[in-house]
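Printed here is upload.cif (mmCIF, C-alpha atoms and all ligand atoms):
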```cif
data_query
loop_
_atom_site.label_atom_id
_atom_site.label_comp_id
_atom_site.auth_asym_id
_atom_site.auth_seq_id
_atom_site.Cartn_x
_atom_site.Cartn_y
_atom_site.Cartn_z
CA MET A 1 83.11 116.82 104.58
CA LYS A 2 83.14 120.33 106.07
CA ILE A 3 85.92 121.00 108.56
CA ASN A 4 84.65 122.39 111.86
CA LEU A 5 87.53 124.40 113.32
CA ALA A 6 85.98 124.62 116.79
CA ASN A 7 85.98 120.81 117.01
CA ILE A 8 89.58 120.60 115.87
CA LYS A 9 90.52 123.19 118.51
CA LYS A 10 88.82 121.10 121.19
CA ALA A 11 90.80 118.02 120.14
CA GLN A 12 94.00 120.07 120.02
CA LYS A 13 93.47 121.37 123.57
CA LEU A 14 92.93 117.88 124.98
CA LEU A 15 95.91 116.42 123.12
CA ASN A 16 98.11 119.27 124.44
CA LYS A 17 97.06 118.19 127.94
CA SER A 18 98.22 114.59 127.28
CA GLU A 19 94.69 113.26 126.87
CA CYS A 20 93.51 110.70 124.27
CA VAL A 21 91.16 111.76 121.48
CA ALA A 22 89.56 109.57 118.79
CA ILE A 23 90.32 110.95 115.34
CA PRO A 24 88.99 110.11 111.89
CA THR A 25 91.36 108.75 109.28
CA GLU A 26 90.66 107.38 105.81
CA THR A 27 91.53 103.83 106.96
CA VAL A 28 89.79 103.50 110.37
CA TYR A 29 89.32 105.75 113.42
CA GLY A 30 92.46 106.20 115.54
CA LEU A 31 92.82 106.57 119.31
CA ALA A 32 95.35 109.40 119.28
CA ALA A 33 97.77 110.85 121.84
CA ASN A 34 101.01 112.84 121.92
CA ALA A 35 103.68 110.41 120.67
CA TYR A 36 106.38 112.31 122.60
CA SER A 37 104.64 111.89 125.96
CA ASP A 38 104.85 108.74 128.10
CA THR A 39 101.83 109.84 130.14
CA ALA A 40 99.69 110.33 127.04
CA CYS A 41 100.74 107.07 125.37
CA LYS A 42 100.16 105.02 128.53
CA LYS A 43 96.53 106.16 128.40
CA ILE A 44 96.10 104.60 124.93
CA TYR A 45 97.17 101.17 126.22
CA LYS A 46 94.95 101.46 129.27
CA LEU A 47 91.85 102.51 127.32
CA LYS A 48 92.26 99.86 124.63
CA LYS A 49 93.37 97.14 127.09
CA ARG A 50 96.21 96.65 124.64
CA PRO A 51 99.16 94.36 125.48
CA LYS A 52 102.20 96.53 126.26
CA ASN A 53 104.39 94.66 123.76
CA ASN A 54 102.23 95.77 120.81
CA PRO A 55 103.85 98.98 119.48
CA LEU A 56 101.86 101.90 118.06
CA ILE A 57 101.78 103.56 114.64
CA VAL A 58 102.77 107.23 114.73
CA HIS A 59 100.96 109.68 112.45
CA TYR A 60 102.82 112.61 110.84
CA LEU A 61 101.73 115.50 108.65
CA ASN A 62 104.65 115.04 106.23
CA CYS A 63 108.15 113.59 105.86
CA GLN A 64 109.81 116.94 106.66
CA ILE A 65 108.56 116.58 110.21
CA LEU A 66 109.39 112.87 110.34
CA LYS A 67 113.07 113.66 109.63
CA LYS A 68 113.56 114.50 113.32
CA ASP A 69 112.62 110.98 114.37
CA CYS A 70 113.55 108.51 111.60
CA SER A 71 116.18 107.92 108.94
CA PHE A 72 114.98 107.51 105.35
CA ASN A 73 116.06 105.25 102.50
CA ASN A 74 115.36 105.22 98.74
CA ASN A 75 112.46 102.79 98.91
CA PHE A 76 110.77 104.97 101.50
CA ILE A 77 111.20 108.11 99.38
CA LYS A 78 109.78 106.34 96.31
CA LEU A 79 106.70 105.06 98.14
CA TYR A 80 106.19 108.29 100.06
CA LYS A 81 106.12 110.31 96.83
CA LYS A 82 103.68 107.94 95.21
CA PHE A 83 101.24 107.01 97.98
CA CYS A 84 101.39 109.58 100.78
CA PRO A 85 99.30 110.78 102.35
CA GLY A 86 97.50 107.44 102.19
CA PRO A 87 96.85 103.97 103.66
CA ILE A 88 100.44 102.74 104.00
CA THR A 89 102.58 102.41 107.15
CA PHE A 90 106.37 102.21 106.99
CA ILE A 91 108.68 100.53 109.50
CA LEU A 92 111.83 102.66 109.64
CA ASP A 93 114.91 103.01 111.86
CA LEU A 94 114.39 105.36 114.77
CA LYS A 95 117.02 108.08 115.22
CA LYS A 96 118.95 107.98 118.50
CA ASN A 97 117.99 111.55 119.44
CA SER A 98 114.28 111.08 118.63
CA LYS A 99 111.81 112.24 121.27
CA ILE A 100 109.33 109.41 120.55
CA SER A 101 108.12 107.85 123.81
CA LYS A 102 109.57 104.41 124.59
CA ILE A 103 106.00 103.36 125.38
CA VAL A 104 105.19 103.72 121.66
CA THR A 105 107.98 101.51 120.39
CA ASN A 106 108.10 98.99 123.23
CA LYS A 107 111.76 100.06 123.49
CA GLN A 108 112.57 98.84 119.96
CA ASN A 109 114.78 100.95 117.71
CA THR A 110 112.22 100.93 114.89
CA LEU A 111 109.15 103.07 114.35
CA ALA A 112 105.92 102.46 112.41
CA VAL A 113 104.92 105.73 110.67
CA ARG A 114 101.99 106.83 108.56
CA PHE A 115 100.72 110.00 106.87
CA PRO A 116 96.91 110.05 107.04
CA LYS A 117 94.98 111.55 104.17
CA HIS A 118 91.75 112.47 105.96
CA PRO A 119 91.46 116.31 105.83
CA ILE A 120 90.40 116.54 109.49
CA ALA A 121 93.35 114.45 110.67
CA ARG A 122 95.63 116.65 108.57
CA SER A 123 94.20 119.93 109.90
CA LEU A 124 94.66 118.64 113.43
CA LEU A 125 98.26 117.53 112.81
CA LYS A 126 99.03 120.99 111.38
CA LYS A 127 98.05 122.57 114.69
CA LEU A 128 100.13 120.30 116.93
CA ASN A 129 103.82 120.46 117.64
CA PHE A 130 104.10 116.70 118.12
CA PRO A 131 103.14 113.65 116.02
CA LEU A 132 100.21 111.45 117.08
CA ALA A 133 100.53 107.85 118.24
CA ALA A 134 97.25 106.32 117.11
CA PRO A 135 96.28 102.65 117.01
CA SER A 136 92.80 101.77 115.80
CA ALA A 137 90.10 103.16 118.12
CA ASN A 138 88.64 99.84 119.28
CA LEU A 139 89.14 97.53 122.24
CA SER A 140 92.20 95.32 121.74
CA SER A 141 91.68 92.31 119.41
CA LYS A 142 88.21 93.50 118.36
CA VAL A 143 86.83 94.92 115.10
CA SER A 144 88.18 98.38 114.19
CA ALA A 145 85.94 101.44 114.38
CA VAL A 146 84.93 103.24 111.18
CA THR A 147 82.42 105.75 112.61
CA PRO A 148 82.20 107.89 115.77
CA ALA A 149 79.31 105.64 116.92
CA ASP A 150 81.60 102.57 116.73
CA VAL A 151 84.16 104.35 118.92
CA LYS A 152 81.45 105.28 121.41
CA ASP A 153 80.22 101.66 121.49
CA ASP A 154 83.66 100.43 122.55
CA PHE A 155 84.70 103.18 124.97
CA GLY A 156 81.49 104.83 126.21
CA ASN A 157 82.32 107.78 128.45
CA ASN A 158 85.89 106.62 129.07
CA ILE A 159 87.01 108.60 126.06
CA LYS A 160 87.24 112.38 126.46
CA TYR A 161 86.40 113.36 122.88
CA ILE A 162 85.61 111.86 119.47
CA LEU A 163 86.40 114.11 116.53
CA ASP A 164 83.72 113.42 113.93
CA GLY A 165 84.94 112.95 110.37
CA GLY A 166 82.11 110.80 109.00
CA LYS A 167 82.60 107.18 107.96
CA SER A 168 86.17 106.16 107.07
CA SER A 169 86.39 106.01 103.27
CA ILE A 170 88.64 102.92 103.04
CA GLY A 171 87.43 101.01 106.09
CA LEU A 172 90.46 98.68 106.39
CA GLU A 173 93.69 99.36 108.30
CA SER A 174 96.83 100.54 106.51
CA THR A 175 99.20 98.16 104.74
CA ILE A 176 102.36 97.80 106.86
CA ILE A 177 105.68 97.51 105.03
CA ASP A 178 109.05 97.04 106.69
CA LEU A 179 111.60 98.99 104.62
CA ARG A 180 114.71 98.49 106.69
CA ASN A 181 116.11 95.73 104.48
CA LYS A 182 114.36 94.01 101.57
CA PRO A 183 110.80 95.40 101.45
CA LYS A 184 108.56 93.12 103.50
CA ILE A 185 104.80 93.40 103.96
CA LEU A 186 103.91 92.72 107.62
CA ARG A 187 100.18 93.34 107.34
CA LEU A 188 97.92 93.39 104.29
CA GLY A 189 95.80 96.54 104.24
CA GLY A 190 94.06 99.29 102.36
CA LEU A 191 96.80 99.68 99.74
CA GLU A 192 97.10 96.61 97.53
CA THR A 193 100.40 94.73 97.54
CA SER A 194 100.47 94.50 93.73
CA ILE A 195 100.37 98.30 93.45
CA ILE A 196 103.25 98.70 95.91
CA LYS A 197 105.23 96.06 94.04
CA LYS A 198 104.73 97.90 90.76
CA ALA A 199 105.87 101.20 92.26
CA LEU A 200 109.06 99.67 93.69
CA ASN A 201 109.60 97.60 90.58
CA LYS A 202 111.08 94.78 92.63
CA LYS A 203 110.07 91.66 94.49
CA ILE A 204 108.57 92.18 97.90
CA ILE A 205 108.34 89.61 100.63
CA ILE A 206 104.93 88.99 102.16
CA ASN A 207 105.27 87.95 105.77
CA ASN A 208 101.67 88.18 106.83
CA ASN A 209 101.63 84.84 108.68
CA PRO A 210 105.05 84.45 110.23
CA SER A 211 106.01 81.87 112.81
CA LYS A 212 107.58 84.68 114.84
CA ILE A 213 105.31 87.71 115.27
CA SER A 214 107.11 90.98 114.55
CA SER A 215 103.98 93.05 114.14
CA PRO A 216 101.14 92.03 116.44
CA GLY A 217 98.58 93.06 113.76
CA GLN A 218 99.65 89.62 112.59
CA PHE A 219 98.23 87.95 115.70
CA LYS A 220 96.16 85.01 114.57
CA ILE A 221 93.13 86.11 116.59
CA HIS A 222 92.25 89.70 115.85
CA TYR A 223 89.47 91.83 114.39
CA SER A 224 86.89 89.72 116.21
CA PRO A 225 83.24 90.84 116.32
CA GLY A 226 82.84 88.67 119.45
CA ILE A 227 80.75 85.90 117.82
CA PRO A 228 81.89 82.87 115.78
CA ILE A 229 82.46 83.24 112.02
CA ARG A 230 82.46 80.46 109.40
CA LEU A 231 84.13 81.13 106.05
CA ASN A 232 83.42 80.12 102.42
CA VAL A 233 79.87 79.09 103.28
CA LYS A 234 77.44 78.03 100.54
CA LYS A 235 74.72 76.78 102.83
CA ILE A 236 73.94 78.53 106.07
CA ARG A 237 72.76 76.92 109.30
CA ASN A 238 69.66 77.78 111.26
CA GLY A 239 69.90 81.09 113.08
CA GLU A 240 73.06 82.29 111.35
CA ALA A 241 73.49 85.72 109.75
CA TYR A 242 74.74 85.40 106.15
CA LEU A 243 77.37 87.88 105.00
CA LEU A 244 77.42 88.23 101.20
CA ILE A 245 79.74 90.17 98.94
CA LYS A 246 76.99 91.49 96.68
CA LYS A 247 73.31 92.20 96.85
CA ASN A 248 71.06 89.46 95.50
CA LYS A 249 67.39 89.36 94.79
CA ARG A 250 66.55 86.68 97.34
CA THR A 251 66.99 89.09 100.23
CA LYS A 252 66.08 87.75 103.68
CA SER A 253 66.20 89.49 107.03
CA ASN A 254 69.36 87.56 108.02
CA TYR A 255 71.23 88.44 104.78
CA TYR A 256 73.81 91.25 104.99
CA PHE A 257 75.42 92.65 101.85
CA LEU A 258 78.86 94.22 101.66
CA SER A 259 78.25 95.92 98.30
CA LYS A 260 75.65 96.50 95.61
CA ASN A 261 77.50 94.89 92.74
CA GLY A 262 80.51 93.06 94.19
CA SER A 263 82.91 96.03 94.30
CA LEU A 264 85.75 95.08 96.65
CA ARG A 265 86.34 98.75 97.47
CA GLU A 266 82.75 99.16 98.62
CA ALA A 267 82.88 95.82 100.46
CA SER A 268 86.01 96.95 102.35
CA LYS A 269 84.33 100.14 103.42
CA ASN A 270 81.33 98.23 104.76
CA LEU A 271 83.08 95.20 106.28
CA TYR A 272 83.60 96.28 109.90
CA SER A 273 80.34 98.22 110.23
CA THR A 274 78.41 95.19 108.93
CA LEU A 275 80.14 92.83 111.38
CA ARG A 276 79.25 95.23 114.20
CA LYS A 277 75.65 95.49 112.93
CA ILE A 278 75.21 91.70 112.88
CA LYS A 279 76.40 91.48 116.50
CA LYS A 280 74.01 94.29 117.48
CA ASP A 281 71.15 92.50 115.74
CA LYS A 282 71.80 89.68 118.26
CA TYR A 283 72.87 86.92 115.87
CA LYS A 284 74.95 84.28 117.63
CA SER A 285 77.12 83.45 114.61
CA ILE A 286 78.04 84.60 111.10
CA ALA A 287 78.39 82.59 107.89
CA VAL A 288 80.42 84.32 105.18
CA CYS A 289 80.24 83.58 101.45
CA LYS A 290 83.41 83.07 99.41
CA ILE A 291 85.14 86.43 98.83
CA PRO A 292 87.32 86.73 95.67
CA ASN A 293 90.95 86.47 96.79
CA LYS A 294 92.36 89.30 94.70
CA GLY A 295 93.21 92.96 95.33
CA LEU A 296 91.47 94.26 98.46
CA GLY A 297 89.68 90.89 98.67
CA LYS A 298 92.97 89.51 100.02
CA THR A 299 92.87 91.99 102.90
CA ILE A 300 89.18 91.26 103.55
CA ASN A 301 89.93 87.51 103.62
CA ASP A 302 92.90 88.06 105.93
CA ARG A 303 90.72 89.95 108.43
CA LEU A 304 87.87 87.43 108.23
CA MET A 305 90.28 84.53 108.68
CA ARG A 306 91.67 86.09 111.89
CA ALA A 307 88.19 87.04 113.09
CA SER A 308 87.09 83.41 112.55
CA LYS A 309 89.71 82.11 115.04
CA PHE A 310 87.60 83.46 117.89
P1 LIG B 401 96.70 99.11 115.14
O1 LIG B 401 96.94 98.86 116.56
O2 LIG B 401 95.42 98.54 114.65
O3 LIG B 401 96.90 100.54 114.74
O4 LIG B 401 97.85 98.35 114.36
C1 LIG B 401 99.16 98.79 114.42
C2 LIG B 401 100.04 97.70 113.95
O5 LIG B 401 101.35 98.20 113.70
C3 LIG B 401 100.19 96.60 114.98
O6 LIG B 401 100.09 95.37 114.33
C4 LIG B 401 101.60 96.82 115.48
O7 LIG B 401 102.17 95.66 115.97
C5 LIG B 401 102.30 97.31 114.24
N1 LIG B 401 103.56 98.01 114.57
C6 LIG B 401 103.69 99.17 115.21
N2 LIG B 401 105.00 99.49 115.38
C7 LIG B 401 105.72 98.50 114.81
C8 LIG B 401 107.11 98.23 114.65
N3 LIG B 401 108.04 99.07 115.08
N4 LIG B 401 107.47 97.09 114.00
C9 LIG B 401 106.53 96.24 113.53
N5 LIG B 401 105.20 96.43 113.66
C10 LIG B 401 104.79 97.54 114.28
MG MG B 402 93.92 97.57 115.55
#
```

Encoded form using structure tokens:
Amino acid sequence: MKINLANIKKAQKLLNKSECVAIPTETVYGLAANAYSDTACKKIYKLKKRPKNNPLIVHYLNCQILKKDCSFNNNFIKLYKKFCPGPITFILDLKKNSKISKIVTNKQNTLAVRFPKHPIARSLLKKLNFPLAAPSANLSSKVSAVTPADVKDDFGNNIKYILDGGKSSIGLESTIIDLRNKPKILRLGGLETSIIKKALNKKIIINNNPSKISSPGQFKIHYSPGIPIRLNVKKIRNGEAYLLIKKNKRTKSNYYFLSKNGSLREASKNLYSTLRKIKKDKYKSIAVCKIPNKGLGKTINDRLMRASKF
């Protein structure tokens, strides 16, 4: 994708004035604002209708810049070297003298940080002298946005600017890992757990469904397209849209395919846009076929399971 410098300048100007701008990332679109400014961060919560106790992920260009705000440990350095920039978010200890807004952290002494890979997000971060707080650019508890049109659908004219970076290449949110003690996955995401485990060469705890919520991405109801979803369906009911992992020959107008040949990577990229499309096509409910529960399929199943609690 070609980088349009005039567009990046426009986003930069608005962000410098404590406004919110939607930005492309490789995972999903983010609703970004100056992470050092209370005024700017309050606007994110208002626009998204996000509960105030749900902290935000802060996006940095690199770990040099992060040093001002967080303390590092060996596991972080290992994973940073291997996977960043990329679809992984780290929970780290916040430094006492950090300028991060208390609105971002909900007054906790931890911070969720990520280094986006998308070249437009990176060019923008290079021009700013603050990091960007950026949750997914969708209304709270709804399906994430993976294109500028998705963002527009959710926010209409309430959003000042959407920086166009094409369709997000991964299409699922980042994997969140808490690295303060023993590595603990808080949210499955675009980077597979088995790959992280291999890189750390140690056991990692998966706490994706805790009794006590520490990361509200773990909320049971989330990622909802706004219509009911049934999972592991072999036989659909009258009037349902049927979501299938791979294209089959018996195509019907109510069949929606996530990939051509069953690729979980392709299915991830298409998941949210297909859920949005089905809603737009006015179906009242969605039946989903069985999705293989391995690799990114685990993340897809996690999102569908939460979306089905609607
Ligand atoms: P999103 O709003 O889609 O960007 O998701 C961000 C996720 O990161 C939410 O589930 C937040 O609860 C989680 N998060 C942000 N900061 C923290 C933190 N300090 N500790 C645990 N989870 C966090
Ligand atoms: Mg979200």

Within 8 Å of ligand LIG 401 (chain B), which residues show up when you count only C-alpha atoms and all ligand atoms? List them as a VMD selection string, please. chain A and resid 30 54 to 57 89 91 to 92 104 to 105 108 to 113 134 to 137 140 144 173 176 178 186 to 187 214 to 219

Excluding Lys43 (chain A) and any residue of its chain fewer than 3 positions from it, enumerate the residues within 10 Å of it, using all atoms listed in the file, and give them as a ChimeraX atom specification. /A:18-20,31-33,38-40,46-49

Looking at all atoms listed in the file, which of A:Ile103, A:Cys84, A:Gly262, A:Ser71 is the one that sits closest to Pro51 (chain A)? A:Ile103

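Of the residues under consideration (A:Leu79, A:Lys42, A:Tyr36, A:Phe115), A:Leu79 shows the shortest atom-to-atom contact distance to Lys198 (chain A) when counting all atoms listed in the file.
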
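With distances taken over all atoms listed in the file, A:Val146 is the one residue among A:Ile77, A:Ile120, A:Leu14, A:Val146 lying closest to ligand MG 402 (chain B).
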
Please write region 276-289 of chain A of the preceding block to a file containing N, CA, C and O atoms, as a compact mmCIF listing (two decimals), in the first residue's frame?
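Heads up, here's the output in result.txt:
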```
# COMPACT_ATOMS: atom_id res chain seq x y z
N ARG A 276 -20.17 -8.71 9.53
CA ARG A 276 -20.81 -7.42 9.25
C ARG A 276 -21.67 -7.51 7.99
O ARG A 276 -22.76 -6.96 7.93
N LYS A 277 -21.15 -8.22 6.97
CA LYS A 277 -21.88 -8.35 5.69
C LYS A 277 -23.21 -9.08 5.91
O LYS A 277 -24.25 -8.68 5.39
N ILE A 278 -23.17 -10.15 6.69
CA ILE A 278 -24.40 -10.93 6.93
C ILE A 278 -25.46 -10.05 7.60
O ILE A 278 -26.63 -10.08 7.24
N LYS A 279 -25.03 -9.26 8.56
CA LYS A 279 -25.97 -8.34 9.24
C LYS A 279 -26.55 -7.35 8.22
O LYS A 279 -27.76 -7.11 8.21
N LYS A 280 -25.67 -6.81 7.37
CA LYS A 280 -26.12 -5.83 6.37
C LYS A 280 -27.09 -6.46 5.38
O LYS A 280 -27.98 -5.79 4.87
N ASP A 281 -26.88 -7.75 5.08
CA ASP A 281 -27.76 -8.45 4.15
C ASP A 281 -29.10 -8.82 4.80
O ASP A 281 -29.89 -9.56 4.21
N LYS A 282 -29.29 -8.35 6.04
CA LYS A 282 -30.58 -8.42 6.75
C LYS A 282 -30.96 -9.81 7.25
O LYS A 282 -32.14 -10.08 7.49
N TYR A 283 -29.98 -10.71 7.39
CA TYR A 283 -30.30 -12.00 8.02
C TYR A 283 -30.55 -11.75 9.51
O TYR A 283 -29.95 -10.85 10.11
N LYS A 284 -31.44 -12.56 10.09
CA LYS A 284 -31.80 -12.36 11.49
C LYS A 284 -30.94 -13.24 12.42
O LYS A 284 -30.92 -13.03 13.63
N SER A 285 -30.27 -14.25 11.82
CA SER A 285 -29.37 -15.07 12.65
C SER A 285 -28.34 -15.78 11.78
O SER A 285 -28.50 -15.88 10.56
N ILE A 286 -27.28 -16.25 12.45
CA ILE A 286 -26.15 -16.88 11.74
C ILE A 286 -25.88 -18.27 12.31
O ILE A 286 -25.79 -18.44 13.53
N ALA A 287 -25.76 -19.25 11.42
CA ALA A 287 -25.33 -20.58 11.82
C ALA A 287 -23.88 -20.74 11.35
O ALA A 287 -23.56 -20.38 10.23
N VAL A 288 -23.02 -21.24 12.23
CA VAL A 288 -21.60 -21.36 11.87
C VAL A 288 -21.22 -22.83 11.85
O VAL A 288 -21.58 -23.59 12.76
N CYS A 289 -20.48 -23.24 10.84
CA CYS A 289 -20.01 -24.64 10.78
C CYS A 289 -18.93 -24.85 11.83
O CYS A 289 -18.47 -23.89 12.46
```
